[in-house]
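These notes concern the structure reproduced below.
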Amino acid sequence: MSALDRCYNIADMREFARRRLPKGVFEYLDRGAEDEIALVDNREAFKRMKLRTRFLVDLTERDMGTELLGKRAELPLAIAPTGIAGLTWYQGELELAKAAAAKGIPFTLATGSITSMEKIAEVAGGRLWFQLYMWKEEELSYEMVGRARDAGFEALVVTIDGGLGNNREYNRRNGFTVPFTITARGLTDMTLHPRWLIGVIFRYLVTTGMPRHENYPEKYAHRITRGASGERPQRHTAMTWQDIDRMRDFWPGKLIIKGILREEDAVLAVEHGADAVVVSNHGGRALDSAAPTIDILPEVVAAVGKRTTVILDSGIRRGSDMVKALALGADAVLTGRATLYGTSVAGQAGAEKALSILATEFEKTMAYVGCRNIAEVNADIFAKPPAY
Ligand SMILES: Cc1cc2nc3c(=O)[nH]c(=O)nc-3n(C[C@H](O)[C@H](O)[C@H](O)COP(=O)(O)O)c2cc1C
């Protein structure tokens with residue numbers, strides 16, 4: 001029986017990913033900021049919400065798909081941008097993108113990923129979104145976004161919660177900060193995981209060489225292991241809504257603002273031309289005292305839900321979490337770690353398995369609450385509807 005066959009849920013996949021990856025890589029993928037309060041709270045908030053069942057509903061005709069930003073998605077789900085899939089598996093970003101295409105949902109490629117957006121567009125197919133961290137040298141952000149436009153990406157996801165970076169102490173402890181510094185401890189960690197070392201790093205070395213930040217402008221597209229002294233692009237710390245206006249004018253496709261955690265910002269996002277907002281606390285990887293996103297979702301839906309697409313992420317590990325988010329008015333959710341665990345275990349097949357697990361759990365929970373399609377889900381499924 002393969003590892004994948006022994007994965008019955010996302011927690012199993014996480015455990016196999018933990019065994020397969022070096023500690024530094026796994027902790028980078030898995031953990032949260034500082035004391036990991038937000039990481040835990042994201043899950044606790046979902047767990048607190050209890051549902052009322054509705055039985056004896058004819059469930060013969062069911063459709064778990066939806067219209068997301070004007071096109072059909074087979075589930076109310078998309079893959080979140082994560083800048084590490086390519087280190088969990090050889091060409092992991094491509095594997096993840098192919099899994100999303102196979103399952104009929106959008107895939108978001110992160111700014112910091114190591115597979116070029118052109119290659120993803122050429123090989124993966126499916127619906128593609130590109131995530132942007134704006135840089136201080138603004139023209140470089142535009143150069144990169146221009147490439148995404150030319151490669152046919154459908155949506156631009158501008159992440160707004162990363163201005164000054166984050167505080168993830170375990171990454172520093174593991175020497176796992178970008179660019180990666182090779183330490184004795186890191187080398188030991190890698191050699192203790194030979195399957196990963198040979199299957200991922202050696203494979204890169206004998207094919208395309210040490211991975212680079214392929215989507216960065218040429219000036220900064222260094223190898224990911226470049227010494228800490230290497231020139232790196234600086235994040236745009238002076239970014240304001242005026243920058244969103246300029247990007248809106250430049251970008252012809254759908255514009256998604258990711259990192260919203262208050263209704264006022266959701267309203268501003270719509271006023272500045274966003275087609276969708278993502279209620280996100282970065283999966284508990286940014287502000288450690290951030291509220292769980294499911295607690296903030298109702299105020300955002302009340303403020304902009306009728307005018308724009310509202311997406312939620314942070315803490316989705318079960319199909320029931322998806323149902324709860326939809327019942328509170330989200331149009332869709334993003335998954336970050338769940339599909340990354342899958343990629344870490346078995347590339348495309350692993351990511352597809354993670355998506356199948358979520359899909360099955362989603363459909364079964366929907367059945368328990370008597371919903372045959374997305375339009376039927378609303379807050380009356382809750383034992384105690386949230387007070388907002
Ligand atoms: C390893 C990792 C890398 C991430 N990198 C990015 C990134 O480059 N850009 C971004 O906007 N969000 C990034 N995120 C945040 C995700 O897009 C998403 O908001 C988060 O993972 C959702 O929470 P979940 O992992 O609990 O599903 C990253 C998340 C993880 C786990």
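Numbering starts fresh at 1 for the residues of each chain in the structure tokens, the chains themselves are lettered A, B, ... in the order given, and ligands are numbered from 1 as they appear.
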
Exercise for review: Give the residue list for ligand 1 at 9 Å, counting only C-alpha atoms and all ligand atoms, as a PyMOL selection string, sorted by chain and then by residue number.
Suggested key: chain A and resi 25-32+39+42-43+79-85+108-113+131-133+157-162+258-259+278-286+312-317+333-340

Selection to disk with C-alpha atoms, as a short mmCIF file (atom, residue, chain, number, x, y, z; two decimals), in the first residue's frame:
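See out_21.cif below for the written result:
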data_model
loop_
_atom_site.label_atom_id
_atom_site.label_comp_id
_atom_site.auth_asym_id
_atom_site.auth_seq_id
_atom_site.Cartn_x
_atom_site.Cartn_y
_atom_site.Cartn_z
CA VAL A 25 11.00 22.56 4.62
CA PHE A 26 8.16 20.96 6.55
CA GLU A 27 8.10 23.63 9.23
CA TYR A 28 8.19 26.36 6.60
CA LEU A 29 5.13 24.79 5.02
CA ASP A 30 3.25 23.85 8.14
CA ARG A 31 3.76 26.33 10.91
CA GLY A 32 2.48 29.78 11.79
CA LEU A 39 -2.89 29.07 13.33
CA ASN A 42 -8.35 29.33 12.63
CA ARG A 43 -9.09 25.67 13.28
CA ILE A 79 -5.63 26.66 -4.80
CA ALA A 80 -4.04 29.47 -2.76
CA PRO A 81 -0.66 30.93 -3.70
CA THR A 82 2.16 29.27 -1.75
CA GLY A 83 5.74 30.03 -2.59
CA ILE A 84 7.14 26.62 -1.74
CA ALA A 85 5.35 23.89 -3.70
CA THR A 108 -2.85 30.51 -8.08
CA LEU A 109 0.87 30.80 -8.80
CA ALA A 110 2.83 32.73 -6.15
CA THR A 111 5.27 35.56 -6.90
CA GLY A 112 8.07 33.62 -5.20
CA SER A 113 7.52 30.30 -6.94
CA GLN A 131 -0.35 36.34 -7.07
CA LEU A 132 1.57 39.57 -6.66
CA TYR A 133 3.60 41.05 -3.85
CA VAL A 157 -4.31 38.24 -6.80
CA VAL A 158 -2.71 41.22 -5.03
CA THR A 159 -1.67 40.21 -1.52
CA ILE A 160 -1.82 43.16 0.84
CA ASP A 161 -0.87 41.62 4.19
CA GLY A 162 2.87 41.23 3.64
CA LYS A 258 -6.09 39.05 -0.71
CA GLY A 259 -5.61 39.69 2.99
CA VAL A 278 -10.07 37.14 -0.05
CA VAL A 279 -10.78 37.23 3.68
CA SER A 280 -7.46 35.83 4.84
CA ASN A 281 -5.02 35.94 7.73
CA HIS A 282 -2.41 34.21 5.56
CA GLY A 283 -3.12 30.86 7.21
CA GLY A 284 -1.91 32.19 10.58
CA ARG A 285 1.48 33.03 9.08
CA ALA A 286 1.27 36.82 9.33
CA LEU A 312 -12.21 32.92 2.42
CA ASP A 313 -9.06 31.10 3.38
CA SER A 314 -7.02 30.10 6.45
CA GLY A 315 -7.64 26.82 8.20
CA ILE A 316 -9.63 24.82 5.63
CA ARG A 317 -8.85 21.15 6.42
CA VAL A 333 -12.60 29.15 -0.35
CA LEU A 334 -8.88 28.76 -0.99
CA THR A 335 -6.75 25.93 0.26
CA GLY A 336 -3.06 26.44 1.02
CA ARG A 337 -1.55 23.74 3.19
CA ALA A 338 -4.06 20.95 2.51
CA THR A 339 -3.01 20.61 -1.12
CA LEU A 340 0.65 21.32 -0.30
#

Check your understanding: Can you list, as JSON, numbers by chain, every protein, DNA or RNA residue that comes within 10 Å of A:Ala349 when you count only C-alpha atoms, leaving out same-chain residues fewer than 2 positions away?
Key -> {"A": [4, 95, 96, 98, 99, 342, 343, 345, 346, 347, 351, 352, 353, 354, 355]}

Check your understanding: Which of these, A:Glu143, A:Glu154, A:Asp5, A:Asp321, has the shortest distance to A:Trp129 once you count only C-alpha atoms?
Key -> A:Glu154

**Study point:** Best match for closeness to A:Lys119 among A:Met144, A:Leu56, A:Ala151, A:Leu261, counting only C-alpha atoms
**Key:**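 Closest residue, counting only C-alpha atoms: A:Ala151.
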
Point to revise | Within 9 Å of A:Met247 using only C-alpha atoms, minus same-chain residues under 6 positions, as a ChimeraX atom specification | key: /A:142,145,255

Could you write out that same residue set with N, CA and C atoms as a tab-separated table (two decimals), in the first residue's frame?
chain	number	residue	atom	x	y	z
A	142	TYR	N	5.19	45.86	-12.40
A	142	TYR	CA	4.43	45.95	-13.65
A	142	TYR	C	5.01	45.04	-14.73
A	145	VAL	N	3.72	41.62	-13.86
A	145	VAL	CA	2.28	41.50	-14.14
A	145	VAL	C	2.02	41.50	-15.65
A	255	LEU	N	-9.41	41.18	-10.91
A	255	LEU	CA	-8.49	41.63	-9.86
A	255	LEU	C	-9.04	41.16	-8.50

Review point. Counting only C-alpha atoms, which of A:Leu51, A:Leu328, A:Ala276, A:Ile10 gets nearest to A:Val304?
Key: A:Ala276

**Study point:** Residues flagged alpha helix (DSSP H) by DSSP in stretch 3-194 of chain A, as a PyMOL selection string
**Key:** chain A and resi 10-20+23-30+37-48+85-88+92-103+117-123+138-150+169-173+184-191+194

Save the residues we just selected, C-alpha atoms, as a compact mmCIF listing (two decimals), in the first residue's frame?
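Ended up saving to result_13.txt:
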# COMPACT_ATOMS: atom_id res chain seq x y z
CA ILE A 10 -5.76 15.85 5.28
CA ALA A 11 -4.24 15.16 8.72
CA ASP A 12 -2.87 11.83 7.40
CA MET A 13 -1.35 13.69 4.45
CA ARG A 14 0.24 16.16 6.81
CA GLU A 15 1.83 13.29 8.74
CA PHE A 16 3.27 11.67 5.59
CA ALA A 17 4.52 15.08 4.43
CA ARG A 18 6.24 15.55 7.79
CA ARG A 19 8.09 12.24 7.39
CA ARG A 20 9.10 12.85 3.80
CA LYS A 23 12.34 19.54 9.00
CA GLY A 24 13.21 22.99 7.68
CA VAL A 25 11.00 22.56 4.62
CA PHE A 26 8.16 20.96 6.55
CA GLU A 27 8.10 23.63 9.23
CA TYR A 28 8.19 26.36 6.60
CA LEU A 29 5.13 24.79 5.02
CA ASP A 30 3.25 23.85 8.14
CA ILE A 37 -2.18 31.54 18.11
CA ALA A 38 -3.82 32.45 14.79
CA LEU A 39 -2.89 29.07 13.33
CA VAL A 40 -4.70 27.26 16.15
CA ASP A 41 -7.59 29.73 16.33
CA ASN A 42 -8.35 29.33 12.63
CA ARG A 43 -9.09 25.67 13.28
CA GLU A 44 -10.82 26.21 16.63
CA ALA A 45 -13.21 28.72 15.09
CA PHE A 46 -14.39 26.17 12.54
CA LYS A 47 -14.64 23.46 15.18
CA ARG A 48 -16.86 25.63 17.41
CA ALA A 85 5.35 23.89 -3.70
CA GLY A 86 8.40 23.56 -5.96
CA LEU A 87 10.53 22.48 -3.00
CA THR A 88 8.12 19.84 -1.78
CA GLY A 92 5.77 20.86 -7.49
CA GLU A 93 4.06 24.02 -8.71
CA LEU A 94 3.40 22.41 -12.04
CA GLU A 95 2.12 19.27 -10.33
CA LEU A 96 -0.22 21.35 -8.19
CA ALA A 97 -1.44 23.36 -11.17
CA LYS A 98 -2.10 20.16 -13.14
CA ALA A 99 -4.04 18.74 -10.20
CA ALA A 100 -6.20 21.87 -10.06
CA ALA A 101 -6.84 21.68 -13.82
CA ALA A 102 -7.74 17.99 -13.56
CA LYS A 103 -10.24 18.77 -10.81
CA MET A 117 4.45 31.49 -15.16
CA GLU A 118 5.03 30.89 -18.88
CA LYS A 119 5.79 27.23 -18.25
CA ILE A 120 2.75 26.83 -15.99
CA ALA A 121 0.55 28.41 -18.67
CA GLU A 122 2.04 26.25 -21.40
CA VAL A 123 1.94 22.91 -19.61
CA GLU A 138 7.22 49.60 -8.94
CA GLU A 139 8.17 49.16 -12.58
CA LEU A 140 9.38 45.65 -11.74
CA SER A 141 5.94 44.73 -10.39
CA TYR A 142 4.43 45.95 -13.65
CA GLU A 143 6.98 44.04 -15.69
CA MET A 144 6.01 40.85 -13.88
CA VAL A 145 2.28 41.50 -14.14
CA GLY A 146 2.74 42.24 -17.85
CA ARG A 147 4.24 38.78 -18.23
CA ALA A 148 1.23 37.23 -16.46
CA ARG A 149 -1.08 39.13 -18.80
CA ASP A 150 0.84 37.97 -21.88
CA GLU A 169 11.01 32.33 14.39
CA TYR A 170 11.27 28.61 13.60
CA ASN A 171 12.36 29.43 10.04
CA ARG A 172 15.26 31.46 11.36
CA ARG A 173 16.10 28.70 13.82
CA ALA A 184 25.59 22.38 8.73
CA ARG A 185 22.27 21.75 10.46
CA GLY A 186 20.35 22.21 7.19
CA LEU A 187 22.69 19.83 5.37
CA THR A 188 22.24 17.17 8.04
CA ASP A 189 18.49 17.67 7.88
CA MET A 190 18.56 17.17 4.10
CA THR A 191 20.80 14.10 4.13
CA PRO A 194 17.45 11.04 0.99

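Take the candidates A:Pro252, A:Gly70, A:Pro76, A:Gly104 and check each one against A:Ala325 using only C-alpha atoms; the shortest distance goes to A:Pro76.
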
**Study point:** Atom pair atom CA of A:Ser344 / atom CA of A:Thr208: separation (Å)
**Key:**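 Separation between atom CA of A:Ser344 and atom CA of A:Thr208: 20.1 Å.
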
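Between atom CA of A:Phe362 and atom CA of A:Ala302 the interatomic distance comes to 24.3 Å.
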
Practice item. For A:Ala238, list every protein, DNA or RNA residue within 12 Å, evaluated using only C-alpha atoms, and leave out those in the same chain fewer than 4 positions away; present the list as number ranges by chain. Key: A: 134-138, 160, 162-164, 234, 242-244

Please produce an output containing N, CA, C and O atoms for each residue in the selection, written as a short mmCIF file (atom, residue, chain, number, x, y, z; two decimals), in the first residue's frame.
data_model
loop_
_atom_site.label_atom_id
_atom_site.label_comp_id
_atom_site.auth_asym_id
_atom_site.auth_seq_id
_atom_site.Cartn_x
_atom_site.Cartn_y
_atom_site.Cartn_z
N MET A 134 3.70 43.42 -4.26
CA MET A 134 4.24 44.59 -4.96
C MET A 134 5.61 44.95 -4.41
O MET A 134 5.86 44.83 -3.22
N TRP A 135 6.47 45.40 -5.31
CA TRP A 135 7.82 45.75 -4.92
C TRP A 135 8.03 47.26 -4.89
O TRP A 135 7.31 48.02 -5.56
N LYS A 136 9.07 47.62 -4.15
CA LYS A 136 9.43 49.04 -4.04
C LYS A 136 9.72 49.61 -5.41
O LYS A 136 9.29 50.71 -5.74
N GLU A 137 10.48 48.85 -6.21
CA GLU A 137 10.72 49.30 -7.59
C GLU A 137 9.48 48.94 -8.39
O GLU A 137 9.37 47.84 -8.94
N GLU A 138 8.56 49.90 -8.43
CA GLU A 138 7.22 49.60 -8.94
C GLU A 138 7.24 49.06 -10.36
O GLU A 138 6.44 48.20 -10.73
N ILE A 160 -2.08 41.87 0.19
CA ILE A 160 -1.82 43.16 0.84
C ILE A 160 -1.34 43.00 2.28
O ILE A 160 -1.07 43.99 2.95
N GLY A 162 1.47 41.64 3.47
CA GLY A 162 2.87 41.23 3.64
C GLY A 162 3.88 42.36 3.59
O GLY A 162 5.06 42.11 3.36
N GLY A 163 3.44 43.59 3.83
CA GLY A 163 4.30 44.77 3.65
C GLY A 163 5.67 44.67 4.33
O GLY A 163 6.69 44.86 3.68
N LEU A 164 5.67 44.36 5.62
CA LEU A 164 6.95 44.33 6.35
C LEU A 164 7.43 42.91 6.61
O LEU A 164 8.25 42.67 7.48
N GLN A 234 12.95 44.54 -2.73
CA GLN A 234 12.30 44.97 -1.48
C GLN A 234 10.80 45.06 -1.69
O GLN A 234 10.35 45.54 -2.73
N GLN A 242 -3.97 53.81 -3.84
CA GLN A 242 -3.63 54.42 -5.14
C GLN A 242 -2.84 53.43 -6.00
O GLN A 242 -2.96 53.43 -7.22
N ASP A 243 -2.04 52.61 -5.34
CA ASP A 243 -1.31 51.58 -6.11
C ASP A 243 -2.28 50.55 -6.68
O ASP A 243 -2.06 50.03 -7.78
N ILE A 244 -3.33 50.28 -5.93
CA ILE A 244 -4.35 49.35 -6.44
C ILE A 244 -5.03 49.98 -7.67
O ILE A 244 -5.27 49.30 -8.67
#

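By only C-alpha atoms, and with residues fewer than 3 positions from A:Glu34 along its chain excluded, the set lying at most 7 Å from it is Asn167, Arg168, Glu169 and Asp288 of chain A.
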
Grab the residues selected above and save them as a PDB file, in the first residue's frame with C-alpha atoms.
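Below is the file result.pdb, written as the result:
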ATOM      1  CA  ASN A 167       7.881  36.889  12.155  1.00  0.00           C
ATOM      2  CA  ARG A 168       8.346  33.153  11.858  1.00  0.00           C
ATOM      3  CA  GLU A 169      11.012  32.325  14.385  1.00  0.00           C
ATOM      4  CA  ASP A 288      -0.371  36.129  15.192  1.00  0.00           C
TER       5      ASP A 288
END

Check your understanding: With only C-alpha atoms as the atoms that count, which of A:Lys324, A:Lys254, A:Arg212, A:Arg62 lies nearest to A:Ile294?
Key -> A:Lys324

Practice item. Compile the contact shell of A:Ile296 as a list in words: residues with an atom at most 9 Å away, counting only C-alpha atoms, same-chain residues fewer than 4 positions apart removed. Key: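 Near neighbours after the sequence-gap exclusion: Leu261, Arg262, Glu263, Val279, Ala291, Pro292, Val300 and Val301 of chain A.
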
Produce a file of the selected residues containing N, CA and C atoms, as an mmCIF file, in the first residue's frame.
data_model
loop_
_atom_site.group_PDB
_atom_site.id
_atom_site.type_symbol
_atom_site.label_atom_id
_atom_site.label_comp_id
_atom_site.auth_asym_id
_atom_site.auth_seq_id
_atom_site.Cartn_x
_atom_site.Cartn_y
_atom_site.Cartn_z
ATOM 1 N N LEU A 261 -9.291 41.764 6.311
ATOM 2 C CA LEU A 261 -9.751 41.300 7.628
ATOM 3 C C LEU A 261 -10.644 42.327 8.307
ATOM 4 N N ARG A 262 -11.234 43.249 7.510
ATOM 5 C CA ARG A 262 -12.216 44.181 8.090
ATOM 6 C C ARG A 262 -13.116 44.697 6.980
ATOM 7 N N GLU A 263 -14.359 45.022 7.375
ATOM 8 C CA GLU A 263 -15.332 45.400 6.359
ATOM 9 C C GLU A 263 -14.923 46.670 5.618
ATOM 10 N N VAL A 279 -10.872 37.056 2.233
ATOM 11 C CA VAL A 279 -10.785 37.226 3.682
ATOM 12 C C VAL A 279 -9.740 36.204 4.146
ATOM 13 N N ALA A 291 -7.717 37.797 13.965
ATOM 14 C CA ALA A 291 -8.952 37.040 14.217
ATOM 15 C C ALA A 291 -9.061 35.900 13.211
ATOM 16 N N PRO A 292 -9.712 34.819 13.619
ATOM 17 C CA PRO A 292 -9.993 33.752 12.639
ATOM 18 C C PRO A 292 -10.841 34.328 11.510
ATOM 19 N N VAL A 300 -17.806 41.131 6.378
ATOM 20 C CA VAL A 300 -17.384 41.417 5.001
ATOM 21 C C VAL A 300 -18.528 41.102 4.027
ATOM 22 N N VAL A 301 -19.193 39.987 4.263
ATOM 23 C CA VAL A 301 -20.316 39.612 3.390
ATOM 24 C C VAL A 301 -21.426 40.659 3.500
#

Exercise for review: Compile the contact shell of A:Ala78 as a ChimeraX atom specification: residues with an atom at most 6 Å away, counting only C-alpha atoms, same-chain residues fewer than 4 positions apart removed.
Suggested key: /A:105-107,334

Could you save the residues just selected, with N, CA, C and O atoms, as an mmCIF file, in the first residue's frame?
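The resulting file, result.cif, is shown below:
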data_model
loop_
_atom_site.group_PDB
_atom_site.id
_atom_site.type_symbol
_atom_site.label_atom_id
_atom_site.label_comp_id
_atom_site.auth_asym_id
_atom_site.auth_seq_id
_atom_site.Cartn_x
_atom_site.Cartn_y
_atom_site.Cartn_z
ATOM 1 N N ILE A 105 -10.701 23.310 -10.991
ATOM 2 C CA ILE A 105 -10.717 24.498 -10.120
ATOM 3 C C ILE A 105 -9.503 25.375 -10.444
ATOM 4 O O ILE A 105 -8.508 24.886 -10.987
ATOM 5 N N PRO A 106 -9.550 26.682 -10.093
ATOM 6 C CA PRO A 106 -8.411 27.553 -10.403
ATOM 7 C C PRO A 106 -7.185 27.279 -9.533
ATOM 8 O O PRO A 106 -7.304 26.833 -8.391
ATOM 9 N N PHE A 107 -6.029 27.598 -10.098
ATOM 10 C CA PHE A 107 -4.745 27.479 -9.390
ATOM 11 C C PHE A 107 -4.091 28.856 -9.342
ATOM 12 O O PHE A 107 -4.062 29.561 -10.353
ATOM 13 N N LEU A 334 -10.190 29.165 -0.462
ATOM 14 C CA LEU A 334 -8.879 28.761 -0.987
ATOM 15 C C LEU A 334 -8.282 27.741 -0.033
ATOM 16 O O LEU A 334 -8.501 27.806 1.171
#

Practice item. Give me, please, the distance in Å between atom CA of A:Asn373 and atom CA of A:Thr293, quoted to one decimal. Key: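 Computing it gives 23.5 Å between the two atoms.
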